[in-house]
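Below is data_3.txt, holding compact mmCIF, C-alpha atoms and all ligand atoms.
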```
# COMPACT_ATOMS: atom_id res chain seq x y z
CA MET A 1 58.36 106.06 96.93
CA ASN A 2 58.09 102.91 99.03
CA ALA A 3 59.64 103.69 102.44
CA ASP A 4 61.77 100.53 102.33
CA LEU A 5 62.94 101.42 98.83
CA GLU A 6 63.89 104.84 100.14
CA ARG A 7 65.95 103.12 102.83
CA LEU A 8 67.67 101.01 100.18
CA VAL A 9 68.59 104.17 98.30
CA ARG A 10 70.09 105.62 101.49
CA LEU A 11 71.76 102.28 102.20
CA GLN A 12 73.34 102.42 98.76
CA GLN A 13 74.50 105.99 99.33
CA ALA A 14 76.13 104.98 102.61
CA GLU A 15 77.74 101.91 100.98
CA THR A 16 79.06 103.93 98.03
CA GLU A 17 80.40 106.66 100.29
CA LEU A 18 81.98 104.05 102.58
CA LYS A 19 83.69 102.39 99.60
CA ARG A 20 85.08 105.76 98.52
CA VAL A 21 86.41 106.45 102.03
CA GLU A 22 87.90 102.95 102.34
CA SER A 23 89.58 103.30 98.97
CA SER A 24 91.17 106.62 100.03
CA ARG A 25 92.29 104.96 103.27
CA SER A 26 93.85 102.00 101.50
CA ASP A 27 95.70 104.39 99.18
CA LEU A 28 97.48 106.10 102.10
CA PRO A 29 100.30 103.55 102.54
CA ARG A 30 101.18 103.91 98.84
CA ARG A 31 101.25 107.69 99.16
CA ARG A 32 103.40 107.45 102.29
CA ALA A 33 105.81 105.09 100.53
CA GLU A 34 105.99 107.47 97.59
CA ALA A 35 106.84 110.40 99.88
CA THR A 36 109.51 108.31 101.64
CA ALA A 37 111.04 107.26 98.31
CA ALA A 38 111.18 110.89 97.15
CA LEU A 39 112.98 111.90 100.35
CA ASP A 40 115.35 108.93 100.05
CA ALA A 41 116.23 110.03 96.52
CA GLU A 42 116.96 113.54 97.84
CA LYS A 43 119.15 112.03 100.58
CA ALA A 44 120.97 109.91 98.01
CA ARG A 45 121.82 113.05 96.00
CA LEU A 46 123.28 114.66 99.13
CA THR A 47 125.28 111.52 99.96
CA ALA A 48 126.62 111.36 96.39
CA ALA A 49 127.71 115.01 96.59
CA ARG A 50 129.49 114.40 99.92
CA ASP A 51 131.15 111.27 98.51
CA ALA A 52 132.40 113.27 95.53
CA VAL A 53 134.06 115.77 97.90
CA GLU A 54 135.64 112.95 99.86
CA ASN A 55 136.95 111.27 96.69
CA CYS A 56 138.38 114.57 95.59
CA GLN A 57 140.19 115.00 98.94
CA LYS A 58 141.51 111.45 98.71
CA ALA A 59 142.86 112.07 95.22
CA ARG A 60 144.51 115.29 96.38
CA ARG A 61 146.17 113.55 99.35
CA LYS A 62 147.42 110.82 97.02
CA TYR A 63 148.98 113.37 94.63
CA GLU A 64 150.48 115.28 97.56
CA GLY A 65 152.04 112.06 98.87
CA GLU A 66 153.49 111.34 95.45
CA LEU A 67 154.74 114.91 95.28
CA GLN A 68 156.62 114.49 98.57
CA ASP A 69 158.21 111.29 97.31
CA LEU A 70 159.27 113.00 94.09
CA GLU A 71 160.73 115.95 95.96
CA ALA A 72 162.72 113.56 98.17
CA LYS A 73 163.93 111.84 95.02
CA ARG A 74 165.00 115.17 93.52
CA SER A 75 166.97 116.07 96.72
CA LYS A 76 168.63 112.68 96.62
CA TYR A 77 169.61 113.12 92.95
CA LYS A 78 170.88 116.62 93.62
CA GLY A 79 173.05 115.20 96.40
CA GLN A 80 174.35 112.53 94.08
CA LEU A 81 175.14 115.19 91.46
CA MET A 82 177.95 116.42 93.72
CA GLU A 83 179.48 112.98 93.91
CA VAL A 84 179.65 112.02 90.22
CA LYS A 85 183.09 111.57 88.74
CA THR A 86 182.65 112.05 84.97
CA ASN A 87 180.95 114.50 82.67
CA LYS A 88 178.89 111.68 81.21
CA GLU A 89 177.62 110.69 84.65
CA TYR A 90 176.90 114.36 85.39
CA THR A 91 174.80 114.79 82.21
CA ALA A 92 172.92 111.54 82.89
CA MET A 93 172.12 112.70 86.43
CA LEU A 94 170.91 116.09 85.14
CA HIS A 95 168.54 114.23 82.81
CA GLU A 96 167.24 112.21 85.77
CA ILE A 97 166.63 115.41 87.72
CA GLU A 98 164.83 117.02 84.78
CA GLY A 99 162.62 113.96 84.46
CA VAL A 100 161.74 114.10 88.18
CA GLU A 101 161.00 117.82 87.91
CA ARG A 102 158.62 117.21 85.01
CA GLU A 103 156.82 114.69 87.18
CA ILE A 104 156.72 117.16 90.07
CA ARG A 105 155.12 119.83 87.86
CA ALA A 106 152.59 117.30 86.59
CA ARG A 107 151.65 116.38 90.20
CA GLU A 108 151.43 120.03 91.20
CA ASP A 109 148.99 120.60 88.33
CA LEU A 110 146.92 117.62 89.48
CA VAL A 111 146.82 118.91 93.09
CA LEU A 112 145.71 122.31 91.83
CA ALA A 113 143.02 120.74 89.64
CA GLU A 114 141.68 118.76 92.62
CA MET A 115 141.63 121.92 94.75
CA GLU A 116 139.57 123.73 92.10
CA LYS A 117 137.27 120.74 91.75
CA ALA A 118 136.83 120.62 95.54
CA GLU A 119 135.58 124.21 95.55
CA VAL A 120 132.89 123.42 92.97
CA LEU A 121 131.92 120.23 94.80
CA ALA A 122 131.72 121.99 98.18
CA ALA A 123 129.23 124.46 96.68
CA GLU A 124 127.30 121.50 95.30
CA VAL A 125 127.14 119.91 98.78
CA LYS A 126 125.84 123.15 100.23
CA ARG A 127 123.08 123.26 97.60
CA GLU A 128 122.16 119.62 98.18
CA GLU A 129 122.09 120.20 101.95
CA GLN A 130 119.63 123.06 101.48
CA ASP A 131 117.52 120.98 99.08
CA PHE A 132 117.46 118.06 101.47
CA LYS A 133 116.55 120.24 104.42
CA ALA A 134 113.63 121.73 102.46
CA ALA A 135 112.52 118.29 101.23
CA ASP A 136 112.76 116.88 104.75
CA GLU A 137 110.63 119.66 106.20
CA GLN A 138 108.12 119.25 103.40
CA ALA A 139 108.01 115.47 103.92
CA LYS A 140 107.38 115.96 107.65
CA ALA A 141 104.56 118.39 106.94
CA ARG A 142 103.06 115.98 104.36
CA GLY A 143 103.38 113.17 106.91
CA ARG A 144 101.44 115.20 109.48
CA GLU A 145 98.80 115.99 106.84
CA MET A 146 98.45 112.31 106.00
CA ASP A 147 98.20 111.40 109.70
CA GLU A 148 95.39 113.91 109.99
CA GLU A 149 93.74 112.58 106.83
CA GLU A 150 93.99 109.03 108.14
CA ARG A 151 92.27 110.00 111.40
CA ARG A 152 89.55 111.86 109.49
CA LEU A 153 88.95 108.96 107.07
CA ALA A 154 88.86 106.41 109.91
CA ALA A 155 86.27 108.50 111.74
CA GLU A 156 84.26 108.91 108.53
CA ALA A 157 84.41 105.16 107.82
CA GLY A 158 83.21 104.46 111.36
CA ARG A 159 80.33 106.90 111.02
CA LEU A 160 79.32 105.54 107.59
CA SER A 161 79.43 101.88 108.56
CA ALA A 162 77.32 102.65 111.64
CA GLU A 163 74.87 104.53 109.42
CA ARG A 164 74.80 101.64 106.95
CA ASP A 165 74.13 99.13 109.75
CA THR A 166 71.35 101.29 111.19
CA ILE A 167 69.60 101.58 107.83
CA ALA A 168 70.12 97.88 107.04
CA ALA A 169 68.49 96.95 110.35
CA GLU A 170 65.36 98.88 109.34
CA VAL A 171 64.96 97.10 105.98
CA PRO A 172 62.90 93.87 105.82
CA ALA A 173 65.14 90.80 105.57
CA SER A 174 63.91 89.76 102.12
CA MET A 175 64.61 93.18 100.67
CA LEU A 176 68.01 93.37 102.29
CA GLU A 177 68.79 89.96 100.91
CA LEU A 178 67.78 91.08 97.40
CA PHE A 179 69.88 94.23 97.79
CA GLN A 180 72.94 92.25 98.84
CA ARG A 181 72.49 89.69 96.07
CA VAL A 182 72.38 92.39 93.37
CA ALA A 183 75.21 94.34 95.05
CA ARG A 184 77.48 91.29 94.96
CA VAL A 185 77.12 91.09 91.17
CA ARG A 186 76.66 94.72 90.21
CA GLY A 187 78.41 96.67 92.94
CA VAL A 188 75.65 99.27 92.97
CA ALA A 189 72.33 97.55 93.78
CA VAL A 190 69.85 100.33 93.11
CA SER A 191 69.20 102.38 90.01
CA GLU A 192 67.13 105.45 89.45
CA ALA A 193 64.64 105.31 86.62
CA THR A 194 64.95 108.49 84.60
CA LYS A 195 61.92 110.60 83.73
CA ASP A 196 62.06 109.22 80.18
CA ALA A 197 61.80 105.64 81.54
CA MET A 198 65.39 104.52 81.38
CA CYS A 199 67.53 102.59 83.86
CA SER A 200 70.15 105.19 84.77
CA GLN A 201 72.78 102.50 85.43
CA CYS A 202 72.56 100.29 82.31
CA HIS A 203 70.51 102.67 80.13
CA VAL A 204 67.97 100.10 79.02
CA LYS A 205 64.54 101.48 78.14
CA LEU A 206 61.88 100.25 80.57
CA ARG A 207 58.54 98.90 79.40
CA PRO A 208 55.90 101.66 79.65
CA GLN A 209 53.64 99.61 81.93
CA MET A 210 56.48 98.85 84.35
CA PHE A 211 57.42 102.51 84.43
CA VAL A 212 53.85 103.54 85.18
CA ASP A 213 53.59 100.93 87.96
CA LEU A 214 56.95 101.94 89.36
CA LYS A 215 55.75 105.51 89.69
CA ARG A 216 52.29 104.68 91.01
CA THR A 217 52.64 101.62 93.25
CA ASP A 218 54.77 100.47 96.16
CA GLU A 219 55.77 97.35 94.31
CA VAL A 220 59.50 96.64 93.94
CA PHE A 221 60.79 96.33 90.37
CA GLN A 222 64.14 95.21 89.07
CA CYS A 223 65.66 96.38 85.83
CA PRO A 224 65.01 93.69 83.20
CA GLN A 225 68.57 94.00 81.93
CA CYS A 226 70.87 94.66 84.91
CA ASN A 227 68.59 93.37 87.70
CA ARG A 228 69.17 96.46 89.82
CA ILE A 229 66.37 97.56 92.12
CA LEU A 230 64.65 100.46 90.43
CA TYR A 231 63.36 103.60 92.11
CA TYR A 232 61.78 106.70 90.78
CA GLU A 233 62.27 110.12 92.26
CA ALA A 234 59.35 112.36 91.34
CA PRO A 235 60.59 115.73 90.14
CA VAL A 236 60.18 118.51 92.65
CA PRO A 237 57.27 120.60 91.39
CA VAL A 238 58.35 124.00 90.23
CA VAL A 239 56.40 126.69 91.99
CA VAL A 240 55.57 129.45 89.58
CA PRO A 241 55.12 132.66 91.51
CA GLN A 242 51.66 134.11 91.01
CA PRO A 243 51.51 137.67 89.81
ZN ZN B 301 69.49 98.49 84.36
```
Can you present the structure in this file as structure tokens?
Ligand SMILES: [Zn+2]
Amino acid sequence: MNADLERLVRLQQAETELKRVESSRSDLPRRRAEATAALDAEKARLTAARDAVENCQKARRKYEGELQDLEAKRSKYKGQLMEVKTNKEYTAMLHEIEGVEREIRAREDLVLAEMEKAEVLAAEVKREEQDFKAADEQAKARGREMDEEERRLAAEAGRLSAERDTIAAEVPASMLELFQRVARVRGVAVSEATKDAMCSQCHVKLRPQMFVDLKRTDEVFQCPQCNRILYYEAPVPVVVPQP
């Protein structure tokens, strides 16, 4: 193979590899954002569980306050019971007291229900706290991994772009220009011709004469269909061990 053509093949390898590395690098912010969002969601679950406990405590305090008021009312009515003059008034007051006592029992039931609910919710908070702690530790570890990956990819990108520049500097200007022109349109500028005379990139069949010349001469050929710069890698001869 033409030495310059060989350089173009290496140039393409460096370019392709560099693109792959750059694409992984540019994907890192998305992956970081995804990890942050997952942790935020975990945090939101914990906050919701804590809020539920707080709401439950608020409800209980409200019922307890109402209970105190009702008990005060009952004491007041009981005091008034001693002061009534007629049987009718006495019966009416007893009814009032019964009504207040029904309300007291209803509030006591509500307080009890909130206390039971609080127990369940407190266990829930404990679970969410453990989940969040685990998720937080995992997110920190993932963050460190991604930092490491970012450093590695940056170093690799630096090495590959230096390699690409070194190779490009060794290629004659006209060939480099051709390479860049094809690369702009096709992405990949070079294409291996297969041993059955096909362009490996666009799969067009090459004319037999062109294929023969490609193998034999140093001339540079472009694929008649995709315009890519063709190269042919002679198969490594298989050494048959002699008996
Ligand atoms: Zn082609």
If I take CA of Glu128 in chain A and CA of Leu46 in chain A, how far is one from the other in Å, to one decimal?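 According to the coordinates, CA of Glu128 in chain A and CA of Leu46 in chain A are separated by 5.2 Å.
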Do you have the CA of Val220 in chain A-CA of Pro237 in chain A distance handy?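 Straight-line distance from CA of Val220 in chain A to CA of Pro237 in chain A works out to 24.2 Å.
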Write out as a PDB file with C-alpha atoms, in the frame of the given file which residues come within 9 Å of Gln225 in chain A when counting only C-alpha atoms, dropping same-chain ones fewer than 4 positions away.
```
ATOM      1  CA  CYS A 199      67.530 102.590  83.860  1.00  0.00           C
ATOM      2  CA  CYS A 202      72.560 100.290  82.310  1.00  0.00           C
ATOM      3  CA  VAL A 204      67.970 100.100  79.020  1.00  0.00           C
TER       4      VAL A 204
END
```
Could you please extract the residues within 9 Å of ligand ZN 301 (chain B), counting only C-alpha atoms and all ligand atoms, and hand them back as number ranges by chain? A: 190-193, 198-206, 222-230
Which residue, A:Asp165, A:Asp213, A:Glu71, A:Glu129, has the smallest gap to Leu18 in chain A when you use only C-alpha atoms? A:Asp165
Fewer than 5 positions away in the same chain doesn't count, so skip those; otherwise give me all residues within 10 Å of Lys140 in chain A, counting only C-alpha atoms, as a ChimeraX atom specification. /A:35-36,134-135,145-146
Write a file of the just-selected residues containing C-alpha atoms, as a PDB file, in the frame of the given file.
```
ATOM      1  CA  ALA A  35     106.840 110.400  99.880  1.00  0.00           C
ATOM      2  CA  THR A  36     109.510 108.310 101.640  1.00  0.00           C
ATOM      3  CA  ALA A 134     113.630 121.730 102.460  1.00  0.00           C
ATOM      4  CA  ALA A 135     112.520 118.290 101.230  1.00  0.00           C
ATOM      5  CA  GLU A 145      98.800 115.990 106.840  1.00  0.00           C
ATOM      6  CA  MET A 146      98.450 112.310 106.000  1.00  0.00           C
TER       7      MET A 146
END
```
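The nearest approach to Leu8 in chain A among the residues A:Lys76, A:Lys133, A:Arg216, A:Arg164, with all atoms listed in the file taken into account, belongs to A:Arg164.
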Can you work out which one of A:Arg152, A:Gln209, A:Glu119, A:Asp4 has the shortest atom-to-atom distance to Ser174 in chain A, counting only C-alpha atoms? A:Asp4
Take CA of Ala59 in chain A and CA of Asp40 in chain A and report the distance between them in Å, one decimal. 28.1 Å
Show me, as a ChimeraX atom specification, the residues that have an atom within 12 Å of Met175 in chain A when counting only C-alpha atoms, minus same-chain residues fewer than 6 positions from it. /A:2-9,11,168-169,181-182,189-190,219-222,229
Near Lys195 in chain A, within 12 Å and counting all atoms listed in the file, which residues show up once chain neighbours fewer than 6 positions away are dropped, as a PDB file with C-alpha atoms, keeping the file's coordinate frame?
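Result file selection-v6.pdb:
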```
ATOM      1  CA  LYS A 205      64.540 101.480  78.140  1.00  0.00           C
ATOM      2  CA  LEU A 206      61.880 100.250  80.570  1.00  0.00           C
ATOM      3  CA  PRO A 208      55.900 101.660  79.650  1.00  0.00           C
ATOM      4  CA  PHE A 211      57.420 102.510  84.430  1.00  0.00           C
ATOM      5  CA  VAL A 212      53.850 103.540  85.180  1.00  0.00           C
ATOM      6  CA  LEU A 214      56.950 101.940  89.360  1.00  0.00           C
ATOM      7  CA  LYS A 215      55.750 105.510  89.690  1.00  0.00           C
ATOM      8  CA  TYR A 231      63.360 103.600  92.110  1.00  0.00           C
ATOM      9  CA  TYR A 232      61.780 106.700  90.780  1.00  0.00           C
ATOM     10  CA  GLU A 233      62.270 110.120  92.260  1.00  0.00           C
ATOM     11  CA  ALA A 234      59.350 112.360  91.340  1.00  0.00           C
ATOM     12  CA  PRO A 235      60.590 115.730  90.140  1.00  0.00           C
TER      13      PRO A 235
END
```
Could you give me, as a VMD selection string, the residues within 10 Å of Glu103 in chain A, counting all atoms listed in the file and dropping anything in the same chain fewer than 3 positions from it? chain A and resid 66 to 67 70 to 71 97 to 100 106 to 109
Which residue, A:Leu81, A:Ala173, A:Ala14, A:Ala37, has the smallest gap to Ala139 in chain A when you use only C-alpha atoms?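 Selected residue with least distance to Ala139 in chain A: A:Ala37.
Distances here use all atoms listed in the file; by that measure, the residue among A:Cys56, A:Leu28, A:Glu96, A:Pro241 closest to Glu116 in chain A is A:Cys56.
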Show me, as lines of an AutoDock Vina configuration file, the centre and edge lengths in Å to one decimal of the axis-aligned box that covers every listed atom of range 234-240 of chain A with 8 Å on each side.
```
center_x = 58.1
center_y = 120.9
center_z = 91.1
size_x = 21.0
size_y = 33.1
size_z = 19.1
```
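Between Tyr63 in chain A and the residues A:Arg105, A:Gly187, A:Pro172, A:Glu149, the shortest atom-to-atom distance, using only C-alpha atoms, involves A:Arg105.
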